[in-house]
$ cat entry-v4.txt   # compact mmCIF, C-alpha atoms
# COMPACT_ATOMS: atom_id res chain seq x y z
CA MET G 15 -11.78 -9.14 -25.10
CA SER G 16 -14.74 -8.05 -23.02
CA ASP G 17 -14.53 -7.25 -19.33
CA GLY G 18 -16.42 -7.87 -16.16
CA GLN G 19 -18.69 -10.81 -16.96
CA ARG G 20 -20.42 -12.26 -13.93
CA LEU G 21 -20.15 -15.93 -13.06
CA ASP G 22 -23.18 -17.73 -14.49
CA ALA G 23 -24.55 -21.21 -13.94
CA ALA G 24 -22.19 -22.67 -16.55
CA GLY G 25 -19.09 -20.90 -15.26
CA LYS G 26 -16.50 -22.78 -13.24
CA TYR G 27 -13.64 -20.35 -12.79
CA ARG G 28 -13.24 -16.64 -12.37
CA LEU G 29 -10.06 -14.58 -12.72
CA VAL G 30 -9.89 -11.25 -10.92
CA GLN G 31 -7.13 -8.76 -11.73
CA VAL G 32 -6.25 -5.63 -9.74
CA PHE G 33 -4.58 -2.77 -11.63
CA VAL G 34 -3.28 0.71 -10.87
CA LEU G 35 -5.25 3.30 -12.83
CA LYS G 36 -3.41 5.83 -14.97
CA GLU G 37 -3.61 9.39 -13.68
CA ASP G 38 -5.54 10.51 -16.77
CA ALA G 39 -7.91 7.53 -16.84
CA THR G 40 -11.44 8.48 -17.83
CA ARG G 41 -14.10 6.97 -15.61
CA PRO G 42 -17.27 5.62 -17.23
CA ALA G 43 -20.41 7.69 -16.92
CA ASP G 44 -22.51 4.62 -16.01
CA MET G 45 -20.86 3.88 -12.66
CA THR G 46 -22.88 3.24 -9.53
CA ARG G 47 -21.94 2.84 -5.89
CA LEU G 48 -20.52 -0.61 -5.20
CA HIS G 49 -22.74 -3.01 -3.29
CA ILE G 50 -22.28 -6.62 -2.16
CA ASP G 51 -25.43 -8.69 -1.70
CA GLU G 52 -27.29 -5.48 -2.62
CA ARG G 53 -25.96 -3.84 0.53
CA GLU G 54 -23.58 -0.96 1.10
CA ILE G 55 -19.98 -1.83 1.95
CA LYS G 56 -19.65 -1.58 5.72
CA LEU G 57 -16.91 -4.05 6.55
CA PHE G 58 -14.27 -1.32 7.09
CA ARG G 59 -13.89 1.09 10.00
CA SER G 60 -16.09 4.13 9.50
CA VAL G 61 -13.19 6.64 9.44
CA LEU G 62 -11.58 4.58 6.68
CA ARG G 63 -14.82 4.23 4.71
CA GLN G 64 -15.08 8.01 4.63
CA GLN G 65 -11.81 8.09 2.69
CA MET G 66 -13.00 5.57 0.07
CA GLU G 67 -14.98 5.84 -3.12
CA LEU G 68 -16.07 2.37 -4.29
CA SER G 69 -17.87 2.19 -7.64
CA GLU G 70 -18.94 -0.43 -10.17
CA ASP G 71 -19.47 0.01 -13.91
CA SER G 72 -22.09 -1.65 -16.09
CA ARG G 73 -19.69 -4.51 -16.93
CA GLY G 74 -19.24 -5.44 -13.31
CA ASN G 75 -15.73 -4.02 -12.98
CA TRP G 76 -14.74 -1.97 -9.94
CA TRP G 77 -13.24 1.51 -9.79
CA LEU G 78 -11.81 2.03 -6.32
CA SER G 79 -10.30 5.11 -4.68
CA PHE G 80 -8.61 4.92 -1.28
CA PHE G 81 -7.23 7.60 1.09
CA ARG G 82 -8.88 10.42 -0.86
CA ASP G 83 -8.17 13.11 1.76
CA SER G 84 -4.69 12.01 2.78
CA GLY G 85 -2.68 13.70 0.02
CA ARG G 86 -1.67 10.22 -1.17
CA PRO G 87 -4.81 8.84 -2.87
CA GLN G 88 -4.64 5.48 -4.64
CA HIS G 89 -6.92 4.66 -7.58
CA LEU G 90 -7.36 1.01 -8.59
CA PHE G 91 -9.29 -0.88 -11.24
CA VAL G 92 -10.57 -4.43 -10.62
CA ARG G 93 -11.53 -6.60 -13.57
CA PHE G 94 -13.69 -9.73 -13.20
CA ILE G 95 -13.38 -12.38 -15.93
CA ASP G 96 -15.22 -15.69 -16.25
CA THR G 97 -12.82 -18.00 -18.02
CA ASP G 98 -11.20 -21.41 -18.06
CA VAL G 99 -7.62 -22.33 -17.20
CA ALA G 100 -6.35 -21.93 -20.77
CA GLY G 101 -8.11 -18.60 -21.24
CA ALA G 102 -6.64 -17.23 -18.01
CA ALA G 103 -3.17 -17.31 -19.56
CA ALA G 104 -4.27 -14.96 -22.36
CA TRP G 105 -6.00 -12.64 -19.92
CA SER G 106 -2.86 -12.54 -17.78
CA ARG G 107 -1.02 -10.95 -20.70
CA ASP G 108 -3.74 -8.35 -21.29
CA LYS G 109 -3.81 -4.90 -19.67
CA PRO G 110 -6.63 -2.37 -20.11
CA ALA G 111 -5.53 0.84 -21.85
CA HIS G 112 -6.61 2.97 -18.89
CA CYS G 113 -4.40 1.04 -16.45
CA ALA G 114 -0.73 1.63 -15.64
CA SER G 115 0.26 -1.76 -14.19
CA ARG G 116 -1.17 -4.93 -12.72
CA LEU G 117 -0.78 -5.52 -8.99
CA THR G 118 -2.15 -9.01 -8.46
CA GLN G 119 -4.49 -11.77 -9.68
CA VAL G 120 -6.98 -13.88 -7.74
CA ALA G 121 -8.55 -17.09 -9.04
CA TYR G 122 -12.00 -18.23 -7.89
CA ALA G 123 -13.47 -21.73 -8.13
CA GLN G 124 -16.37 -23.51 -6.48
CA LEU G 125 -16.68 -26.98 -5.01
CA ALA G 126 -19.70 -29.06 -5.94
CA GLY G 127 -22.53 -28.63 -3.43
CA ASN G 128 -24.73 -31.03 -1.48
CA ARG G 129 -21.85 -32.88 0.17
CA SER G 130 -21.18 -33.32 3.86
CA GLU G 131 -17.43 -33.54 3.24
CA THR G 132 -15.06 -32.14 0.63
CA ASP G 133 -14.03 -34.55 -2.11
CA PRO G 134 -10.20 -34.56 -1.91
CA ASP G 135 -9.88 -35.38 -5.61
CA GLU G 136 -12.06 -32.43 -6.59
CA LEU G 137 -10.15 -30.15 -4.24
CA GLN G 138 -6.89 -31.33 -5.80
CA VAL G 139 -8.12 -30.42 -9.30
CA LEU G 140 -9.44 -27.00 -8.28
CA CYS G 141 -6.31 -26.21 -6.28
CA SER G 142 -4.08 -27.17 -9.21
CA ASP G 143 -6.16 -25.22 -11.73
CA THR G 144 -6.41 -22.03 -9.67
CA SER G 145 -2.68 -22.19 -8.99
CA GLN G 146 -2.06 -22.39 -12.73
CA MET G 147 -4.35 -19.42 -13.34
CA VAL G 148 -2.53 -17.03 -11.01
CA ARG G 149 1.02 -18.46 -10.99
CA GLN G 150 1.32 -20.11 -14.40
CA SER G 151 2.39 -23.20 -12.48
CA ARG G 152 0.63 -25.93 -10.49
CA SER G 153 2.98 -25.59 -7.54
CA VAL G 154 0.38 -25.00 -4.80
CA LYS G 155 -0.86 -28.26 -3.29
CA PRO G 156 -4.03 -28.86 -1.22
CA SER G 157 -1.90 -29.31 1.90
CA GLN G 158 -0.76 -25.68 1.49
CA LEU G 159 -4.30 -24.29 1.48
CA TYR G 160 -5.79 -22.72 4.58
CA GLU G 161 -9.36 -23.68 5.44
CA ALA G 162 -12.00 -21.16 6.52
CA SER G 163 -15.70 -21.70 7.16
CA THR G 164 -16.66 -20.58 3.64
CA HIS G 165 -13.70 -21.60 1.50
CA TYR G 166 -10.20 -22.96 1.03
CA GLY G 167 -7.54 -20.48 0.02
CA HIS G 168 -3.93 -19.55 -0.55
CA VAL G 169 -2.35 -16.08 -0.44
CA SER G 170 1.11 -14.99 -1.55
CA GLY G 171 2.82 -12.12 -3.31
CA ARG G 172 2.29 -13.91 -6.63
CA GLY G 173 -1.48 -14.04 -6.32
CA ALA G 174 -4.31 -15.71 -4.41
CA GLN G 175 -6.66 -18.66 -4.74
CA PHE G 176 -10.19 -18.89 -3.38
CA ILE G 177 -12.10 -22.19 -3.57
CA SER G 178 -15.62 -21.66 -2.29
CA LYS G 179 -17.55 -24.26 -0.27
CA LEU G 180 -20.83 -22.41 -0.74
CA THR G 181 -23.53 -23.51 -3.17
CA GLY G 182 -25.59 -21.41 -5.54
CA HIS G 183 -22.62 -19.48 -6.92
CA ASN G 184 -22.62 -17.27 -3.83
CA ASP G 185 -19.39 -15.32 -4.22
CA SER G 186 -20.13 -12.46 -1.81
CA GLN G 187 -17.44 -13.54 0.64
CA PHE G 188 -15.00 -13.74 -2.26
CA ARG G 189 -15.88 -10.21 -3.34
CA ARG G 190 -15.18 -8.97 0.19
CA HIS G 191 -11.78 -10.62 -0.03
CA ILE G 192 -11.10 -8.73 -3.27
CA LEU G 193 -11.74 -5.46 -1.44
CA LEU G 194 -9.22 -6.51 1.21
CA TYR G 195 -6.59 -7.28 -1.46
CA ALA G 196 -7.23 -3.90 -3.07
CA LEU G 197 -6.84 -2.08 0.26
CA ALA G 198 -3.64 -4.01 1.03
CA TYR G 199 -2.06 -3.01 -2.27
CA ALA G 200 -3.24 0.59 -1.83
CA TYR G 201 -1.34 0.65 1.47
CA LEU G 202 1.75 -0.93 -0.13
CA LEU G 203 1.73 1.60 -2.99
CA THR G 204 1.53 4.50 -0.52
CA PHE G 205 4.35 3.20 1.68
CA GLU G 206 6.52 2.54 -1.37
CA ALA G 207 5.95 6.03 -2.77
CA LEU G 208 6.72 7.71 0.56
CA GLY G 209 9.84 5.58 1.02
CA ASN G 210 11.07 6.43 -2.46
CA ASP G 211 10.52 10.15 -1.82
CA VAL G 212 12.53 9.96 1.41
CA SER G 213 15.41 8.20 -0.38
CA GLN G 214 15.36 10.77 -3.18
CA ALA G 215 15.43 13.63 -0.66
CA LEU G 216 18.49 12.11 0.99
CA LEU G 217 20.26 11.53 -2.33
CA ARG G 218 19.41 14.88 -3.86
CA LYS G 219 22.32 17.33 -3.91
CA SER G 220 20.84 20.53 -2.50
CA ALA G 221 21.49 23.12 0.14
CA GLN G 222 21.36 21.72 3.64
CA GLY G 223 18.37 23.84 4.59
CA VAL G 224 16.43 22.77 1.49
CA GLN G 225 17.08 19.09 2.12
CA ALA G 226 16.12 19.39 5.78
CA LEU G 227 12.88 21.16 4.82
CA ALA G 228 12.00 18.40 2.32
CA LEU G 229 12.65 15.66 4.87
CA ARG G 230 10.60 17.40 7.54
CA ARG G 231 7.73 17.79 5.07
CA LEU G 232 7.84 14.06 4.23
CA TYR G 233 8.03 13.19 7.92
CA ARG G 234 4.90 15.23 8.63
CA GLU G 235 3.10 13.79 5.59
CA ALA G 236 3.88 10.20 6.53
CA SER G 237 2.91 10.80 10.16
CA PHE G 238 -0.37 12.36 9.03
CA PHE G 239 -1.14 9.39 6.75
CA ASP G 240 -0.25 6.91 9.48
CA ALA G 241 -2.53 8.61 12.01
CA MET G 242 -5.41 9.23 9.63
CA SER G 243 -5.50 6.28 7.24
CA PHE G 244 -3.53 3.30 8.52
CA PHE G 245 -5.05 0.63 10.75
CA ARG G 246 -3.45 -2.69 11.66
CA GLN G 247 -6.99 -4.05 11.59
CA PRO G 248 -9.04 -1.95 9.14
CA VAL G 249 -12.02 -4.33 9.29
CA MET G 250 -14.84 -3.85 11.78
CA ARG G 251 -14.17 -6.07 14.80
CA SER G 252 -17.72 -7.41 14.63
CA ASN G 253 -16.86 -9.14 11.34
CA ALA G 254 -14.62 -11.91 12.70
CA PRO G 255 -14.17 -13.98 9.49
CA THR G 256 -13.16 -10.90 7.48
CA CYS G 257 -10.81 -9.79 10.27
CA ALA G 258 -9.12 -13.19 10.03
CA ALA G 259 -8.94 -12.79 6.24
CA TRP G 260 -7.20 -9.42 6.61
CA ASN G 261 -4.67 -10.92 9.02
CA ARG G 262 -3.79 -13.60 6.46
CA ILE G 263 -3.43 -11.03 3.67
CA ASP G 264 -1.37 -8.73 5.87
CA GLY G 265 0.92 -11.60 6.85
CA ALA G 266 1.39 -12.76 3.25
CA LEU G 267 1.89 -9.34 1.65
CA GLY G 268 3.70 -7.64 4.54
CA VAL G 269 1.50 -4.55 4.83
CA THR G 270 2.28 -3.85 8.49
CA ASP G 271 5.94 -4.77 7.94
CA SER G 272 6.15 -2.23 5.10
CA ARG G 273 4.64 0.44 7.30
CA THR G 274 7.14 -0.37 10.08
CA GLU G 275 10.02 -0.22 7.59
CA LEU G 276 8.85 3.19 6.35
CA LEU G 277 8.65 4.58 9.90
CA LYS G 278 12.16 3.32 10.63
CA GLN G 279 13.40 4.92 7.40
CA LEU G 280 11.78 8.22 8.42
CA GLU G 281 13.28 8.04 11.89
CA SER G 282 16.73 7.45 10.38
CA ALA G 283 16.28 10.33 7.93
CA HIS G 284 15.05 12.57 10.73
CA TYR G 285 18.10 11.62 12.83
CA ILE G 286 20.46 12.31 9.91
CA CYS G 287 18.77 15.64 9.26
CA ASP G 288 19.03 16.67 12.93
CA LEU G 289 22.62 15.45 13.18
CA GLU G 290 23.72 17.43 10.13
CA ALA G 291 21.81 20.48 11.38
CA ARG G 292 23.61 20.24 14.74
CA ARG G 293 26.94 19.86 12.96
CA ALA G 294 26.20 22.94 10.87
CA ILE G 295 25.36 24.92 14.02
CA GLU G 296 28.48 23.64 15.78
CA SER G 297 30.58 24.56 12.76
CA ARG G 298 29.16 28.10 12.74
CA GLU G 299 29.77 28.40 16.49
CA THR G 300 33.34 27.17 16.05
CA ARG G 301 34.02 29.71 13.29
CA ARG G 302 32.42 32.45 15.40
CA THR G 303 34.57 31.54 18.42
CA LEU G 304 37.69 31.47 16.26
CA TRP G 305 36.98 34.92 14.83
CA LEU G 306 36.27 36.33 18.30
CA THR G 307 39.54 34.86 19.55
CA VAL G 308 41.48 36.35 16.63
CA LEU G 309 39.74 39.69 17.15
CA GLY G 310 40.60 39.60 20.85
CA LEU G 311 44.24 38.90 20.09
CA VAL G 312 44.34 41.77 17.59
CA LEU G 313 42.75 44.13 20.08
CA ALA G 314 45.08 42.93 22.80
CA LEU G 315 48.09 43.43 20.53
CA ALA G 316 46.89 46.89 19.54
CA SER G 317 46.37 47.79 23.18
CA GLY G 318 49.82 46.45 24.02
CA LEU G 319 51.50 48.54 21.35
CA GLY G 320 49.61 51.59 22.53
CA ALA G 321 50.84 51.07 26.09
CA VAL G 322 54.47 50.71 24.91
CA ASN G 323 54.24 53.99 23.00
CA THR G 324 52.80 55.73 26.04
CA ILE G 325 55.67 54.51 28.26
CA ARG G 326 58.22 55.65 25.68
CA GLU G 327 56.67 59.12 25.69
CA TRP G 328 56.92 59.24 29.50
CA LEU G 329 60.61 58.34 29.42
CA SER G 330 61.65 60.76 26.65
$ encode --input "entry-v4.txt" --output "structure tokens"
Amino acid sequence: MSDGQRLDAAGKYRLVQVFVLKEDATRPADMTRLHIDEREIKLFRSVLRQQMELSEDSRGNWWLSFFRDSGRPQHLFVRFIDTDVAGAAAWSRDKPAHCASRLTQVAYAQLAGNRSETDPDELQVLCSDTSQMVRQSRSVKPSQLYEASTHYGHVSGRGAQFISKLTGHNDSQFRRHILLYALAYAYLLTFEALGNDVSQALLRKSAQGVQALALRRLYREASFFDAMSFFRQPVMRSNAPTCAAWNRIDGALGVTDSRTELLKQLESAHYICDLEARRAIESRETRRTLWLTVLGLVLALASGLGAVNTIREWLS
């Protein structure tokens, strides 16, 4: 199978797959900076763009790196495939050798142009076909699609559908959506990894001080990532349609919810760590008080015996 073919005049459907790259994946030497409509990618906030490296190889596939300076970088591979509905099933079972796992699939189709209104029968066919491509079922119905100015769509954890209204095979808005999906999954991967590390630190049998140190380190790391790399709205406010697209993706995939869950988990771990530290201090103080009390009693007893002996000497 060959990768990354662009949609041509004869193409009707496109399947896009987002993968996690293996740590030892070798990047092609022919990569160039990713552009959309021959322009640099500027839809994200500038501070977030500085943490990204977005590249494209000669086959049209994307090699994306997010959060490069955060200590939790995420490296994704995006494969573009022009195919039909039957061929999409075979591609869904295929994974590039340099990829660890697949995160999601997005199916693209295009309505016929030169119409003032959408043909409901055509929309029904394209909705059913794109549902089959990403879900292996035709369960999504046209009534379940959202409508935007440029397309109809559907987003869920099982994949996404994008049915373009634009003529001339203009898929630039679709490609921007793919970047949003990639960013969303990069966030989810980071939150999942941090959450797993917190759970492991709590479960690990180690000295109290070692566990507390590990939890504090994770707390600082997560707080640093949250302050530096997370934005509820990572898209430039001036790009209203793409902002709306991010809100739909966030709502469907639960990006902000996952971040909130992680922060609650960290707060709970921090509370447990502090509580156990206070208990350890209280236990040491209790033992110290007990030993001081015992020592005082011993000294008092010794002093009492000494006084008795002195009195006996006076009376003899």
$ atom_distance --input "entry-v4.txt" --atom1 "CA of Leu125 (chain G)" --atom2 "CA of Pro156 (chain G)"
13.3 Å
$ atom_distance --input "entry-v4.txt" --atom1 "CA of Ile177 (chain G)" --atom2 "CA of Arg149 (chain G)"
15.5 Å
$ residues_around --input "entry-v4.txt" --residues "Ala103 (chain G)" --least-positions-apart "3" --cutoff "12 Å" --atoms "all atoms listed in the file" --output "PDB file with C-alpha atoms, in the frame of the given file"
ATOM      1  CA  LEU G  29     -10.060 -14.580 -12.720  1.00  0.00           C
ATOM      2  CA  ILE G  95     -13.380 -12.380 -15.930  1.00  0.00           C
ATOM      3  CA  THR G  97     -12.820 -18.000 -18.020  1.00  0.00           C
ATOM      4  CA  ASP G  98     -11.200 -21.410 -18.060  1.00  0.00           C
ATOM      5  CA  VAL G  99      -7.620 -22.330 -17.200  1.00  0.00           C
ATOM      6  CA  ALA G 100      -6.350 -21.930 -20.770  1.00  0.00           C
ATOM      7  CA  SER G 106      -2.860 -12.540 -17.780  1.00  0.00           C
ATOM      8  CA  ARG G 107      -1.020 -10.950 -20.700  1.00  0.00           C
ATOM      9  CA  ASP G 108      -3.740  -8.350 -21.290  1.00  0.00           C
ATOM     10  CA  GLN G 119      -4.490 -11.770  -9.680  1.00  0.00           C
ATOM     11  CA  ALA G 121      -8.550 -17.090  -9.040  1.00  0.00           C
ATOM     12  CA  ASP G 143      -6.160 -25.220 -11.730  1.00  0.00           C
ATOM     13  CA  THR G 144      -6.410 -22.030  -9.670  1.00  0.00           C
ATOM     14  CA  SER G 145      -2.680 -22.190  -8.990  1.00  0.00           C
ATOM     15  CA  GLN G 146      -2.060 -22.390 -12.730  1.00  0.00           C
ATOM     16  CA  MET G 147      -4.350 -19.420 -13.340  1.00  0.00           C
ATOM     17  CA  VAL G 148      -2.530 -17.030 -11.010  1.00  0.00           C
ATOM     18  CA  ARG G 149       1.020 -18.460 -10.990  1.00  0.00           C
ATOM     19  CA  GLN G 150       1.320 -20.110 -14.400  1.00  0.00           C
ATOM     20  CA  SER G 151       2.390 -23.200 -12.480  1.00  0.00           C
TER      21      SER G 151
END
$ closest_residue --input "entry-v4.txt" --among "G:Leu280, G:Met45, G:Leu159, G:Ala241" --to "Leu137 (chain G)" --atoms "only C-alpha atoms"
G:Leu159
$ atom_distance --input "entry-v4.txt" --atom1 "CA of Ala266 (chain G)" --atom2 "CA of Ala200 (chain G)"
15.0 Å
